[in-house]
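Heads up: the structure comes next, in C-alpha cells.
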Amino acid sequence: MSKQSDEVESTRSDRVNSLAKGLQVLLAFGRRHTPMTISEVAKEVSLTPASARRMLLTLVELGYVDQTGKRFSVGPRVLDLGYSYLASKPIWQLTQPVLERFSDAHHVSAAAAVLDGCDALYTIRANSHQPIQVMVSTGTRLPAHITAMGRVLLAALTPARLDEVISQIKFDSPTERSVTNAQELRAILADIRRDGYSIVDEELAFGLRAVAVPLRNRAGDVVASINACGTLRSLEISDLRERVLPALQLAAQEIRMHLAD
C-alpha cells in the first residue's frame, strides 16, 4: 500500500473515531440528566479535558449542545436525530396508533421498545394517564433483564448473542423481587420462549407490573416488543393475564399484518 493510501486510511480512521467520541459525549448527557462541566464530561466519556472541550465546542457550534457559562447540556437539535429514526421506520408509524387505541380501550399505559446493548430502549409511548412510578418516554433506557419488554427481546436472541449480552449485565436489584443472577434470568427467558410473553411484577419498581409480547415481522423475526403496564392497584394480575394479555397479542398481530419481511 502506498504512503498516500496509508494517509487516506489514517485520516478516515481519525474521522470515524472523532464521530464516535462525539456521539459518546451526547449519550453521556442522557446518563447524567444534568448540565455538566468539561471535566465532568471528560470523566464520563474517558476523554482528556482538551478532547472533551473540542468535542463540546464543536457540538455547540452544530446546535446539538447548549452552553451556559461553564456548563453544557443537550440542545434541542438532538431531537432531529430521534425524529429521523422514528420517521424512517414505518414500524413506528404503524405501531403508535395501534398502541394508542389499545391504551385507551384497556386503561393501561403501553409502549414499544428495541434492545440496545443491555437496555430496553423505548421508541414510542401511549399513556392512559395513569400515575406510574417510573416515568418513561421516547428514548428512555431501562435494564432489559428486569423489564417485560426487555426480557421478550433477550429471549429472541441467538444463544451466542445472549451469552454476550448477559456477560455485560449488572444484576442490581431495584426491589427485593428483582432477578439477581444469570442462571435465574436464563430460566425466565426459557419460559418466555415457551409461552410467548413476559410478565414482570414489581422487579423494576415497587407497585408496578407489566406484560409484554414480541413484535414480529411477516418473516417471523422479532423486531421489537410492546407492553402494557399499570400499578398493582389498577391492574390485578388475573386481569392482566385474562384480559390485557390477549388484547396485547391481538395488537401485535394487527401491527405484524402491515409489516414487511
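Chains: A, B, ... in order of the C-alpha cells. Residues: from 1 per chain. Ligands: from 1, in order shown.
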Exercise. Using the chain letters and numbers from this document, which residues of region 22-52 of chain A does DSSP assign to alpha helix (DSSP H), as number ranges by chain?
Worked result: A: 22-32, 38-45, 49-52
Neighbour list for region 64-75 of chain A as an mmCIF file with N, CA, C and O atoms, in the first residue's frame, cut-off 10 Å, only C-alpha atoms, skip fewer than 4 positions in-chain:
data_model
loop_
_atom_site.group_PDB
_atom_site.id
_atom_site.type_symbol
_atom_site.label_atom_id
_atom_site.label_comp_id
_atom_site.auth_asym_id
_atom_site.auth_seq_id
_atom_site.Cartn_x
_atom_site.Cartn_y
_atom_site.Cartn_z
ATOM 1 N N VAL A 25 -20.228 11.630 23.779
ATOM 2 C CA VAL A 25 -20.477 12.835 24.576
ATOM 3 C C VAL A 25 -21.980 13.096 24.672
ATOM 4 O O VAL A 25 -22.508 13.374 25.754
ATOM 5 N N LEU A 26 -22.695 12.996 23.557
ATOM 6 C CA LEU A 26 -24.148 13.209 23.578
ATOM 7 C C LEU A 26 -24.837 12.191 24.474
ATOM 8 O O LEU A 26 -25.731 12.530 25.253
ATOM 9 N N LEU A 27 -24.417 10.927 24.398
ATOM 10 C CA LEU A 27 -25.025 9.890 25.218
ATOM 11 C C LEU A 27 -24.758 10.109 26.699
ATOM 12 O O LEU A 27 -25.570 9.739 27.546
ATOM 13 N N ALA A 28 -23.623 10.727 27.013
ATOM 14 C CA ALA A 28 -23.291 10.979 28.414
ATOM 15 C C ALA A 28 -24.310 11.885 29.081
ATOM 16 O O ALA A 28 -24.642 11.721 30.259
ATOM 17 N N PHE A 29 -24.845 12.849 28.331
ATOM 18 C CA PHE A 29 -25.856 13.738 28.903
ATOM 19 C C PHE A 29 -27.130 12.969 29.237
ATOM 20 O O PHE A 29 -27.827 13.289 30.200
ATOM 21 N N GLY A 30 -27.429 11.949 28.434
ATOM 22 C CA GLY A 30 -28.602 11.133 28.722
ATOM 23 C C GLY A 30 -28.447 10.331 29.993
ATOM 24 O O GLY A 30 -29.428 10.075 30.695
ATOM 25 N N HIS A 33 -28.377 13.351 33.007
ATOM 26 C CA HIS A 33 -29.624 14.125 33.107
ATOM 27 C C HIS A 33 -29.438 15.529 33.679
ATOM 28 O O HIS A 33 -30.418 16.180 34.048
ATOM 29 N N THR A 34 -28.215 16.009 33.808
ATOM 30 C CA THR A 34 -27.969 17.349 34.330
ATOM 31 C C THR A 34 -26.850 17.998 33.517
ATOM 32 O O THR A 34 -26.018 17.297 32.918
ATOM 33 N N PRO A 35 -26.805 19.338 33.460
ATOM 34 C CA PRO A 35 -25.697 20.011 32.778
ATOM 35 C C PRO A 35 -24.360 19.599 33.381
ATOM 36 O O PRO A 35 -24.258 19.349 34.587
ATOM 37 N N MET A 36 -23.335 19.537 32.547
ATOM 38 C CA MET A 36 -22.015 19.104 33.013
ATOM 39 C C MET A 36 -20.937 20.086 32.582
ATOM 40 O O MET A 36 -21.063 20.768 31.571
ATOM 41 N N THR A 37 -19.866 20.120 33.366
ATOM 42 C CA THR A 37 -18.687 20.893 33.005
ATOM 43 C C THR A 37 -17.822 20.062 32.061
ATOM 44 O O THR A 37 -18.057 18.864 31.863
ATOM 45 N N ILE A 38 -16.799 20.691 31.505
ATOM 46 C CA ILE A 38 -15.882 19.981 30.620
ATOM 47 C C ILE A 38 -15.229 18.813 31.351
ATOM 48 O O ILE A 38 -15.133 17.705 30.817
ATOM 49 N N SER A 39 -14.792 19.042 32.573
ATOM 50 C CA SER A 39 -14.118 17.977 33.322
ATOM 51 C C SER A 39 -15.066 16.828 33.627
ATOM 52 O O SER A 39 -14.669 15.652 33.609
ATOM 53 N N GLU A 40 -16.331 17.130 33.889
ATOM 54 C CA GLU A 40 -17.304 16.071 34.157
ATOM 55 C C GLU A 40 -17.578 15.246 32.908
ATOM 56 O O GLU A 40 -17.682 14.018 32.970
ATOM 57 N N VAL A 41 -17.664 15.916 31.760
ATOM 58 C CA VAL A 41 -17.853 15.199 30.502
ATOM 59 C C VAL A 41 -16.633 14.329 30.208
ATOM 60 O O VAL A 41 -16.765 13.169 29.802
ATOM 61 N N MET A 55 -14.720 18.535 21.551
ATOM 62 C CA MET A 55 -15.982 17.879 21.195
ATOM 63 C C MET A 55 -17.173 18.753 21.556
ATOM 64 O O MET A 55 -18.102 18.945 20.764
ATOM 65 N N LEU A 56 -17.156 19.290 22.762
ATOM 66 C CA LEU A 56 -18.283 20.098 23.230
ATOM 67 C C LEU A 56 -18.442 21.370 22.407
ATOM 68 O O LEU A 56 -19.562 21.739 22.020
ATOM 69 N N LEU A 57 -17.353 22.056 22.129
ATOM 70 C CA LEU A 57 -17.449 23.293 21.365
ATOM 71 C C LEU A 57 -17.932 23.032 19.939
ATOM 72 O O LEU A 57 -18.674 23.836 19.367
ATOM 73 N N THR A 58 -17.510 21.891 19.363
ATOM 74 C CA THR A 58 -17.998 21.526 18.032
ATOM 75 C C THR A 58 -19.494 21.253 18.068
ATOM 76 O O THR A 58 -20.253 21.707 17.194
ATOM 77 N N LEU A 59 -19.951 20.526 19.086
ATOM 78 C CA LEU A 59 -21.367 20.214 19.217
ATOM 79 C C LEU A 59 -22.193 21.460 19.507
ATOM 80 O O LEU A 59 -23.337 21.571 19.056
ATOM 81 N N VAL A 60 -21.611 22.408 20.239
ATOM 82 C CA VAL A 60 -22.291 23.690 20.469
ATOM 83 C C VAL A 60 -22.468 24.426 19.147
ATOM 84 O O VAL A 60 -23.539 24.960 18.839
ATOM 85 N N LEU A 79 -33.184 16.477 19.063
ATOM 86 C CA LEU A 79 -34.491 15.891 18.753
ATOM 87 C C LEU A 79 -34.600 15.509 17.283
ATOM 88 O O LEU A 79 -35.348 14.598 16.927
ATOM 89 N N ASP A 80 -33.872 16.220 16.424
ATOM 90 C CA ASP A 80 -33.894 15.889 14.997
ATOM 91 C C ASP A 80 -33.402 14.475 14.750
ATOM 92 O O ASP A 80 -33.890 13.773 13.851
ATOM 93 N N LEU A 81 -32.409 14.033 15.545
ATOM 94 C CA LEU A 81 -31.862 12.687 15.375
ATOM 95 C C LEU A 81 -32.916 11.639 15.706
ATOM 96 O O LEU A 81 -33.093 10.665 14.977
#
For this session: Taking the chain letters and numbering used in this document, name the residues of region 30-254 of chain A that DSSP puts in strand (DSSP E), as a count of residues only.
Result: 50
Exercise. What's the 7 Å shell around Cys118 (chain A), counting only C-alpha atoms, without same-chain residues fewer than 4 positions away, as a PyMOL selection string?
Worked result: chain A and resi 143-144+165+169
Would you write out those residues with all heavy atoms, as a tab-separated table (two decimals), in the first residue's frame?
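The new file part-v9.tsv reads:
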chain	number	residue	atom	x	y	z
A	143	PRO	N	-33.10	-1.25	32.26
A	143	PRO	CA	-32.40	-2.54	32.19
A	143	PRO	C	-33.28	-3.63	31.60
A	143	PRO	O	-34.38	-3.88	32.10
A	143	PRO	CB	-32.05	-2.82	33.65
A	143	PRO	CG	-32.05	-1.48	34.32
A	143	PRO	CD	-33.12	-0.70	33.63
A	144	ALA	N	-32.82	-4.28	30.56
A	144	ALA	CA	-33.64	-5.26	29.86
A	144	ALA	C	-34.01	-6.45	30.75
A	144	ALA	O	-35.10	-7.01	30.63
A	144	ALA	CB	-32.92	-5.74	28.61
A	165	VAL	N	-24.57	-10.62	25.77
A	165	VAL	CA	-25.33	-9.59	26.48
A	165	VAL	C	-25.37	-9.87	27.97
A	165	VAL	O	-25.15	-8.97	28.80
A	165	VAL	CB	-26.76	-9.47	25.91
A	165	VAL	CG1	-27.59	-8.52	26.75
A	165	VAL	CG2	-26.71	-8.98	24.47
A	169	ILE	N	-24.40	-7.64	31.81
A	169	ILE	CA	-25.47	-7.16	32.69
A	169	ILE	C	-24.95	-6.98	34.11
A	169	ILE	O	-24.25	-7.84	34.65
A	169	ILE	CB	-26.65	-8.15	32.68
A	169	ILE	CG1	-27.35	-8.13	31.33
A	169	ILE	CG2	-27.66	-7.80	33.79
A	169	ILE	CD1	-28.47	-9.15	31.19
Exercise. Using only C-alpha atoms, which of A:Pro76, A:Gly63, A:Pro214, A:Gly207 sits nearest Ile237 (chain A)?
Worked result: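 The shortest atom-to-atom distance to Ile237 (chain A) comes from A:Gly207.
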Exercise. Glu176 (chain A): which residues within 12 Å, counting only C-alpha atoms, same-chain residues fewer than 5 positions away excluded, as a list of chain:residue names?
Worked result: A:Ile146, A:Asp201, A:Glu202, A:Glu203, A:Leu204, A:Ala205, A:Phe206
Quick one: write out the picked residues with N, CA and C atoms as a compact mmCIF listing (two decimals), in the first residue's frame?
# COMPACT_ATOMS: atom_id res chain seq x y z
N ILE A 146 -34.84 -6.73 33.82
CA ILE A 146 -35.90 -6.58 34.82
C ILE A 146 -37.12 -5.86 34.26
N ASP A 201 -43.42 -8.44 37.64
CA ASP A 201 -44.24 -7.97 38.75
C ASP A 201 -43.35 -7.40 39.85
N GLU A 202 -43.28 -6.09 39.95
CA GLU A 202 -42.52 -5.37 40.98
C GLU A 202 -41.02 -5.69 40.98
N GLU A 203 -40.45 -5.89 39.81
CA GLU A 203 -39.00 -6.08 39.72
C GLU A 203 -38.28 -4.80 39.35
N LEU A 204 -38.92 -3.99 38.54
CA LEU A 204 -38.34 -2.70 38.17
C LEU A 204 -38.59 -1.65 39.25
N ALA A 205 -39.80 -1.66 39.80
CA ALA A 205 -40.17 -0.70 40.84
C ALA A 205 -41.32 -1.28 41.65
N PHE A 206 -41.39 -0.91 42.94
CA PHE A 206 -42.47 -1.36 43.79
C PHE A 206 -43.80 -0.84 43.26
Exercise. Expressed in Å to a single decimal, how great is the separation between CA of Ala251 (chain A) and CA of Arg233 (chain A)?
Worked result: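 Interatomic distance here is 24.1 Å.
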Exercise. Which of these residues is nearest to Leu245 (chain A), using only C-alpha atoms: A:Tyr122, A:Trp92, A:Phe102, A:Phe171?
Worked result: A:Phe102
Exercise. Taking into account only C-alpha atoms, which residue in the set A:Val78, A:Ala224, A:Ile166, A:Ala126 is nearest to Val98 (chain A)?
Worked result: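 Nearest candidate to Val98 (chain A) out of A:Val78, A:Ala224, A:Ile166, A:Ala126: A:Ala126.
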Problem set entry | Nearest candidate to Val222 (chain A) (options A:Arg256, A:Lys170, A:Arg77, A:His107; using only C-alpha atoms) | A:Arg256
Problem set entry | Selected residue, from A:Asn127, A:Ala20, A:Arg141, A:Leu185, that lies nearest to Asp104 (chain A) when counting only C-alpha atoms |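 That would be A:Asn127, the residue with the smallest distance to Asp104 (chain A).
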Exercise. Which residue, A:Lys89, A:Val213, A:Ala52, A:Arg161, has the smallest gap to Ser18 (chain A) when you use only C-alpha atoms?
Worked result: A:Ala52
Problem set entry | Spatial neighbours of region 227-231 of chain A, 6 Å, only C-alpha atoms, chain gap at least 5 places, as an MDAnalysis selection string | chainID A and resid 108:111 207:212
Exercise. How far is it from CA of Val45 (chain A) to CA of Asp163 (chain A), in Å with one decimal?
Worked result: 25.9 Å
Problem set entry | Shell around Arg151 (chain A) at 10 Å using only C-alpha atoms, local window under 3 positions removed, as a PyMOL selection string | chain A and resi 115+119-120+143-148+154-156+185-186+188-189+192-193+197-200+212-214+225
